[in-house]
Each structure stands twice: as C-alpha cells, then as structure tokens.
Amino acid sequence: MIDRLRSMISDVEADFIDIRYEIKTETRIGFAGREIRNVGSNRTDGYVIRVGKNGGFSSATVTREEDVPRGLELAVEGAETIVATGGKKSVLASVPVVIENVKLVLDGDPREICIDDKIELLRRYNDLMLEQPLIETTNLNYVEIGREKHYVNSEGTAVSEEILTTNIAGEVIAKRDNLVQNIRVAIGGADGYNRLLSREDVFVKRAEIAAQLLDAEPVKGGTYNVVLSPMLAGVFTHEAFGHFSEADIIEDNPSLREKMSLGEQLGSDEITIIADSTMPGQIGYYAYDDEGVAVRPVTLMDRGVLTGRLHSRRTASAFGEPVSGHTVAEDMRFEPIVRMGTIYIKPGELTLDDLLAELGDGLYLIDGKGGQTSGENFTFGAQYGFKVKDGRVGSMIRDINIMGNLFTTLQNIEAIGNDMELSERGGCGKGQLNIKSALGSPHILIRNMVVGGA
Amino acid sequence: MKKLLDIAARVSDQAEVFSIRNDSGSLDMRNGKPSDMSASIQSGYALRILKDGRIGTAYTKNLLNRNELVSNALDSLKGSVNAGFSFPEPSEIPESWLPDESVSSMGFHDLHSRTSKVLNYLNGKVDGQIDVTSGRGIQDMAIMNTSGLDFSRKSSFMYIFTSLLYPNSETAVRKIFQSRKAVDFPESELDGLVNLYVSGFPEVDILTGRMKVVFTPDTIYTILWRLAAAASGKSFYNRVSPLQNRREDKVLSDKFTLYGDPTDPLEVDQHFIDDEGVPAKKHVIFEKGIFKNLVLNLDYAEKLKEEPTGTGYRGGMWGGETVALSPVPSLVCKRIAPGDISFEDMVRSIDRGVIVMGVLGAHSGNILNGDFSVGLNPGFYVENGEIKGRVKDGMVSGNVYDVLNNIESVENRLHDSYAGGMYPSILLDDVSVAAK
C-alpha cells in the first residue's frame with residue numbers, strides 16, 4: 001500500500017504533499033431494553049490528501065481511488081487560492097523522516113471472538129441492569145472500531161499503524177410515574193477484548209445509582225464550593241483546559257494567544273496537568289499521529305504555570321514551539337486536527353476525606369455527563385452528586401450542570417486528591433469525533449463554581 | 001445500485017439500497033484572513049435486507065465488492081433483530097428542484113469573494129474579531145427497494161456563517177445565511193447582527209434568581225432536543241417518554257406549536273421523501289400546546305401499530321456517517337409557529353431577564369426527562385426593557401414541561417437557525433438563572 005500511495009503523489013507539483021489511506025472496520029451490537037436492535041460488521045476505506053504550496057496549505061478527502069487525482073487538484077487549488085487571497089502562510093515544523101510499521105499489541109484480539117460470544121457478553125451485562133429494582137429500560141452497545149492507517153509524505157516518511165478500540169457503553173434508565181432518570185455506563189479500552197470480561201459489578205452499581213436518583217432532589221442553582229470526582233475532574237481538565245491547550249483553537253485569536261503564553265501563571269500552585277498518549281493500554285494510546293509524528297508526553301501546566309502545548313507540525317512552526325504528535329483525525333473522512341489524546345491532573349497528597357473536610361459546606365459532584373467549551377468558557381454536567389455539610393456527605397442531588405471561566409477556575413483549584421482514575425471510553429466532538437480522547441484525575445476541590453439548577 | 005439490489009433480493013424477502021454522494025468545499029476566514037480551505041468528495045452505500053421477520057444491515061463508503069456487502073448484511077441477520085415492517089411502494093412524489101448551476105460551478109475563489117464581502121461590510125462596525133466560514137455542496141441521494149421504489153434526488157446548498165467575537169474571548173454573536181443558490185449574505189441581516197453585538201457591551205454581573213428568559217432561534221434547540229426525545233417512537237416503545245399516554249392532552253402553553261415540514265418551499269433542503277422512501281409532509285407534534293403526534297420511522301411505526309410519518313432519517317444527535325447510521329425517528333426541517341410580537345417589543349416587555357444568545361452544554365443533563373441547564377455563551381441581561389450588557393458566568397435551568405407552560409410571548413417572525421430549522425424567539429416567565 002505504501003508504494004501505491006507514493007506513486008499517487010509522485011507527480012504533484014507542490015512543496016509538500018501527504019496522503020493517508022485508511023481501512024476502517026466496525027462491529028456494533030445494540031440492545032434497547034431486552035430487545036436486540038442492531039448487529040453488524042462493516043468495512044470501508046478512503047483517502048486524505050494535504051498539500052502545501054508557496055505557503056498555502058489545503059486538504060481534500062475522497063472515498064474512491066479514482067477520485068484521488070481530483071482530490072489532489074482541489075487541494076492544490078485550495079493552497080494556491082490561500083496564497084492568492086493573502087491568506088495564512090503555513091510552514092511545517094521539521095521532523096525526522098520515519099519509516100515504520102507499528103503492530104497492534106492486544107490482550108485478547110476481539111476480531112478472533114465470534115459475534116455470538118460478543119452478543120452474549122453484552123446481553124449478560126444488559127440483563128443484569130434490567131434485573132435491578134426500578135429499572136425501566138437500557139440502551140447498551142458493544143462497539144469495536146479498527147483503523148488500519150497508511151501514511152506517506154513527500155519528505156520520505158512512511159508510517160503504517162493499526163489501532164483498535166473496544167467498549168461496552170450506554171445508559172440505564174430508571175422510572176417512577178413520570179419521573180425518568182438515567183446514568184451512563186462505560187467499560188473498554190484500546191488494549192484488547194479481555195478488558196471487557198468479568199465486569200458485572202460495574203453494571204449492577206450503575207443501575208443502583210439510576211434507581212437512587214429517583215429519590216434525589218434537583219440541585220438549587222447558585223455558586224458553590226465543590227469537590228469533583230476523578231471522572232468529573234477529568235471532564236473539567238479536558239473541556240476547560242485541554243481544548244485551550246490545542247494550538248489550533250487559539251492560533252487565530254491574538255488576544256487569547258497572548259493570554260495563553262508559555263510561562264504564565266494561570267492556575268493555582270496545586271495543579272499540574274499532563275497530556276500523555278504513550279501510556280500503553282490506555283484508550284488514548286497511539287505511537288504516531290496522522291501526520292507521521294511520534295507522540296510524546298507534554299506537561300501542559302506545572303504547578304499552575306503554563307509549560308507546554310499540543311501541536312500539529314503547522315501550529316508548532318507558527319508558535320515556535322516543539323512538535324508533540326497530536327494531529328489526529330476521526331477516520332478517513334477527515335483531515336487531522338490537533339487533539340489531546342490522554343489528559344489528566346497529576347495526583348496530590350490528600351485523601352477524599354481530607355478534601356471533604358476542607359470543603360466544609362458545598363457539593364460533592366460525581367461522574368461526567370458531557371461538556372462543552374467555547375474559548376475560555378466551559379460547561380459540564382455531573383451525573384449525580386451529594387450535598388456536603390461540615391465535611392459530611394448528605395442527601396443525593398440531580399440535574400447538575402456547572403459553568404465557569406477557565407482562567408478564574410484554574411486559580412480557584414484549592415486542593416488535589418491522592419487517588420487517580422482514567423476513563424475507559426473516549427468520544428470528544430471537535431468537528432469530528434475522537435474516540436481515543438482519554439481523561440482522568442484525582443478528586444479535586446474548587447471554590448466558587450456556578451451550578452445551574454432549579 | 002440495481003446490481004446490488006438484485007444480489008440482495010436473491011437471498012432475502014425484501015431489500016433496500018440507499019446511496020449518497022457529497023461533493024463539497026469550505027473556507028474559513030479567521031481574524032480577516034483565509035485560514036483553511038478544504039474539499040471533500042464522499043460517497044456511501046447502505047443495504048438493508050428483511051428475512052423471516054428479521055433485519056440485516058450493512059454499509060460501505062466504497063462499493064468495491066457487492067457480494068461482501070450482501071454477505072455482511074446476511075451475517076447481521078444472525079443477530080435476530082426483529083423487524084415486522086415492509087419497505088414502502090412508490091408513491092406520487094412532487095418534482096424536486098434541481099441543483100443550481102451557480103453552486104455546481106463554485107470554486108474556492110467564488111467562496112472567498114462572497115466571504116470577503118461580509119468582512120468588508122463589517123469592517124469598522126465592531127470592535128472585536130470577525131470570523132466568517134462559508135461552504136458549498138452538491139448532494140446526490142438515491143433509494144431503491146424491492147417494492148418497486150426507485151428514487152433519486154440531487155440538491156445544492158451554500159452557506160455563510162458569521163461570528164462577531166467579543167474582545168479577549170471566543171464568545172460571539174453568530175448568524176447563518178443559507179441558500180440553494182450562490183448569493184451574498186443580506187446586509188440587513190448583518191446590520192441586525194451588529195446591533196445585537198453592540199448591545200452585549202459591557203459585561204455585567206447579575207444576581208441568581210428567577211426571571212424572564214428569551215430563547216432566541218439559535219438557542220431554542222436546547223428545548224427542542226428534549227421534546228424530540230420525548231416524542232420519538234423509540235421512547236414510547238420503551239415506555240420511558242414523559243408524554244406516554246398524553247396524546248391529545250394539553251401539556252404545554254397554547255402559544256406553542258411545533259411541527260416539521262420538509263416540503264416548505266423556504267427550506268434549503270426541501271424534499272418530499274424521507275430516508276426510507278416514505279413520503280414526507282408537514283408533521284405536527286404540538287398544536288397550541290396539545291400533544292398531537294409521535295415521530296416514527298418504519299420500524300417503530302409497525303411496533304406501535306401506527307402509520308409511518310415520513311420521519312425516518314439516517315442521522316443522529318451528533319451527525320455521523322450517513323450510510324453507517326440506520327434510519328431513526330427524526331423530526332427534520334422543524335418550525336415553531338410564529339406569534340404576534342416583534343423581537344424589539346418582546347425585549348421592551350421584560351422587566352428583568354436574560355436573552356439567551358448562545359448556549360454551552362445543551363446536550364448535558366437528563367434530556368429524556370426534559371431537564372436542561374445551559375451556560376450562557378453569551379446571554380444578554382435586560383432591565384426595564386433595555387439590554388444592559390452580556391452576563392458574566394451565568395446559567396439557565398429548568399424543565400421544558402414547566403417553562404413551556406409559562407410562555408409570555410412568541411416572536412412574529414421565523415429565522416434560520418445554525419442548529420437547523422426556522423424559529424421565532426420565545427419569551428418565558430419565571431425561569432431559574434444562576435450567576436456568580
């Protein structure tokens with residue numbers, strides 16, 4: 001395949017060309033309640049082309065091989081138009097030429113497991129949730145996605161890498177009269193099928209929480225001091241800070257770029273944030289990004305000081321900072337953009353009890369329910385939580401969403417726990433879905449968060 | 001397609017092939033300069049087969065091996081997914097409009113020219129950064145089944161999306177303009193956007209409390225997502241809809257009427273058939289607050305013993321690859337019926353309240369139960385009928401079945417929304433607003 005890709009781009013007149021060919025395989029099984037709703041395995045492919053010419057940079061994606069020449073023409077036309085219209089000049093940071101074929105390492109290859117076994121595993125977890133009191137229904141899916149990627153550029157780099165993620169995820173729904181409450185559940189990873197086995201306790205626990213939510217009260221809107229659970233603190237790290245560390249987010253906004261200068265003390269002394277997609281077994285693990293650059297760990301914030309940023313070759317050059325290998329696409333339908341992979345807060349020294357004691361009065365909020373960011377503003381939802389009075393956990397609350405400003409909130413992080421948890425399933429939308437966006441954290445204590453509620 | 005359908009028909013009771021091809025391009029101009037130009041030529045094929053009351057599905061983007069696709073659909077049958085419906089027979093479908101030549105022939109230079117006109121017009125009118133994104137596309141969609149349906153449709157679209165950013169932030173007021181033809185962003189719409197932008201100065205602190213809240217056309221999707229989830233045949237079939245057993249009940253204010261109408265001549269994506277081959281028409285969900293109809297695809301229509309509603313589409317909340325997604329109940333081309341007051345008079349009628357101009361986190365929370373809690377991004381604070389500025393760190397929360405029973409007024413005009421659909425602004429009374 002590598003030789004075919006080389007020949008496809010060999011005659012194009014440009015300063016830089018790369019082409020990525022991907023074969024994507026998917027196996028999906030879905031239950032809604034006790035009913036199986038979806039079973040299927042599919043395979044498809046496509047090409048992504050990028051061209052740099054006279055400082056202009058443009059891309060094209062095509063499905064069929066016969067459309068590759070047209071895609072190359074369009075990418076060249078785009079690059080030339082950017083130059084002709086006074087657009088942004090792009091220079092790619094220099095990187096070593098790499099020729100490598102990265103093989104998958106799995107603890108149990110899901111492709112060798114028959115579909116019937118996968119259905120039965122999913123059915124068992126699904127039934128377990130449905131058997132719990134007050135559970136009305138479920139939506140539970142098995143998803144297995146493989147990407148076989150072949151990348152070639154005009155500088156001589158040729159990288160092939162295969163990645164494969166599996167997960168079982170969905171929601172469990174409890175109902176009493178007209179009140180409906182749901183809780184998300186997810187297990188999975190990028191290191192093989194065996195991670196999915198013997199996880200019954202997870203599903204039972206999630207169903208119990210959904211049922212308990214029927215008796216929880218909606219949180220009252222206002223400003224609170226909060227302790228966030230590891231998964232919720234991970235969502236904060238990803239949504240509020242992580243996206244702002246992606247160079248392409250701030251690249252064309254001069255005022256925000258100024259605010260995010262390396263060396264600035266943006267957070268409290270307590271907080272250190274790391275992006276590391278090199279940890280084997282994590283959902284965010286990969287060796288090379290989608291422009292053939294080896295990924296490396298980056299300390300983004302060290303004791304509150306901004307120390308690093310996530311880059312593509314183009315943004316690394318524009319910022320005068322080192323490349324990091326974080327240019328990733330969802331699949332062969334998309335040009336790669338800067339993505340964070342695995343991001344987490346470094347653990348501190350306090351236990352959860354210490355944090356709650358320090359909190360005094362406030363809220364203990366648990367597990368993420370989606371988040372969104374726009375520049376320095378962010379929101380994220382908590383799946384459930386508890387009131388805290390004098391450091392003691394009290395009654396359960398629901399319908400919790402938090403909003404904040406990144407810069408204010410980073411300064412308001414007061415204490416970091418000594419535990420640590422990383423997510424087992426990704427799924428970040430930034431124009432395209434990144435199923436390998438892992439996040440995590442210890443428990444953390446933040447002052448003065450706006451919480452929306454009844 | 002015909003060859004694929006013939007192969008599938010030989011091994012099944014019924015078969016359907018859906019195909020789509022998109023040829024599109026886009027241009028981003030950030031801070032006044034072209035920053036990204038990209039092109040996309042994407043195709044795809046989806047196959048559904050029915051056999052012995054079960055359904056099998058398969059898809060590929062690149063139809064290299066028809067037999068492999070049919071084999072994948074047959075393997076999918078082994079999952080024993082029940083399906084009692086039949087693929088529809090052909091019906092009388094009005095002629096669709098043809099793609100406009102001005103879009104078919106549109107290149108990057110044309111996109112740049114129309115986008116630059118927006119920037120030139122706005123130059124000097126706002127203090128902050130101006131970002132403009134534009135795009136064009138031609139789409140071919142076809143659907144063919146063993147009941148004799150053989151339908152294809154070709155369409156064109158272009159859009160220009162303008163964002164006026166507040167200083168030192170990414171918070172912005174935004175407006176989309178869409179058309180089937182290559183045209184310029186109307187200057188009157190840009191003037192309106194500038195006026196709103198200027199109203200957003202300065203940034204103000206407000207107190208937490210209950211007050212009036214306006215959801216504008218670009219933020220009303222926060223509410224519609226909750227109603228759509230509840231009206232879906234899937235929620236009814238699984239007995240988790242808050243609207244269960246409430247048909248023909250008055251559940252919302254009589255000022256609220258919600259429907260979908262793909263046949264609306266004003267609709268850029270006007271069409272007369274859904275993604276399953278069922279004729280699409282105006283479909284009313286709430287009429288003057290009364291819950292009238294479910295949103296169904298063929299599958300849930302059969303399961304609930306209802307008539308198909310022409311609302312089966314291959315899509316999801318987060319988009320996704322069209323051919324990879326099975327048709328699900330989806331209300332598209334949504335409309336909220338207009339009221340009788342101008343936006344300006346609506347604002348003047350507010351003693352204390354917030355205008356929700358943009359939201360963060362509409363997807364968070366208990367959607368099925370109707371709960372929402374969204375960040376203002378931005379939200380304008382109104383006191384004694386005047387906009388005082390944009391709210392610093394505020395959230396609006398509630399339950400749609402509560403707040404839509406407290407509608408004070410509905411704007412007398414519909415606007416295109418960048419989230420899809422055409423809506424008026426809606427003024428609600430007594431909504432919870434949290435602030436720092």
# chains A, B, ... in the order shown; residues from 1 in each chain; ligands from 1

call {"tool": "residues_around", "arguments": {"residues": "Ala231 of chain B", "least_positions_apart": "5", "cutoff": "12 Å", "atoms": "only C-alpha atoms", "output": "ChimeraX atom specification"}}
result
/B:224-226,236-247,258-259,284-286,291-296,300,311,329-331,367-370

call {"tool": "closest_residue", "arguments": {"among": "B:Asp429, B:Asp127, B:Asp36, B:Asp191", "to": "Pro167 of chain B", "atoms": "only C-alpha atoms"}}
result
B:Asp127

call {"tool": "residues_around", "arguments": {"residues": "segment 22-30 of chain B", "least_positions_apart": "2", "cutoff": "6 Å", "atoms": "only C-alpha atoms", "output": "list in words"}}
result
Gly32, Lys33, Pro34, Ser35, Asp36, Met37, Ser38, Ala39, Ser40, Ile41, Gln42, Asp131, Val132, Thr133, Ser134, Gly135, Arg136, Gly137, Ile138 and Gln139 of chain B

call {"tool": "atom_distance", "arguments": {"atom1": "atom CA of Glu344 of chain B", "atom2": "atom CA of Ser417 of chain B"}}
result
18.7 Å

call {"tool": "closest_residue", "arguments": {"among": "B:Leu360, B:Leu119, B:Ile206, B:Ala15", "to": "chain A", "atoms": "only C-alpha atoms"}}
result
B:Leu360

call {"tool": "closest_residue", "arguments": {"among": "B:Glu383, B:Glu276, B:Glu287, B:Glu302", "to": "Val354 of chain B", "atoms": "only C-alpha atoms"}}
result
B:Glu383

call {"tool": "residues_around", "arguments": {"residues": "His363 of chain B", "least_positions_apart": "3", "cutoff": "10 Å", "atoms": "only C-alpha atoms", "output": "list in words"}}
result
Lys369, Gly370, Gly371, Gln372, Phe380 and Gly381 of chain A; Tyr221, Thr222, Trp225, Arg226, Met317, Trp318, Leu360, Asn366, Ile367, Phe372, Ser373 and Val374 of chain B

call {"tool": "write_last_selection", "arguments": {"atoms": "C-alpha atoms", "output": "PDB file, in the first residue's frame"}}
result
ATOM      1  CA  LYS A 369     -22.392  13.817  31.677  1.00  0.00           C
ATOM      2  CA  GLY A 370     -20.909  15.652  28.734  1.00  0.00           C
ATOM      3  CA  GLY A 371     -19.308  19.023  28.488  1.00  0.00           C
ATOM      4  CA  GLN A 372     -18.690  21.815  26.046  1.00  0.00           C
ATOM      5  CA  PHE A 380     -20.060  20.228  32.017  1.00  0.00           C
ATOM      6  CA  GLY A 381     -22.736  18.089  33.557  1.00  0.00           C
TER       7      GLY A 381
ATOM      8  CA  TYR B 221     -32.696  23.695  20.099  1.00  0.00           C
ATOM      9  CA  THR B 222     -31.933  23.321  23.811  1.00  0.00           C
ATOM     10  CA  TRP B 225     -33.943  18.260  21.765  1.00  0.00           C
ATOM     11  CA  ARG B 226     -35.879  17.403  24.927  1.00  0.00           C
ATOM     12  CA  MET B 317     -27.675  13.794  17.572  1.00  0.00           C
ATOM     13  CA  TRP B 318     -24.007  14.106  16.668  1.00  0.00           C
ATOM     14  CA  LEU B 360     -22.966  25.683  26.175  1.00  0.00           C
ATOM     15  CA  ASN B 366     -31.441  14.432  31.698  1.00  0.00           C
ATOM     16  CA  ILE B 367     -32.728  15.076  28.191  1.00  0.00           C
ATOM     17  CA  PHE B 372     -31.905  21.446  30.829  1.00  0.00           C
ATOM     18  CA  SER B 373     -29.141  23.500  32.398  1.00  0.00           C
ATOM     19  CA  VAL B 374     -27.090  25.521  29.943  1.00  0.00           C
TER      20      VAL B 374
END

call {"tool": "atom_distance", "arguments": {"atom1": "atom CA of Asp290 of chain A", "atom2": "atom CA of Pro336 of chain A"}}
result
6.2 Å
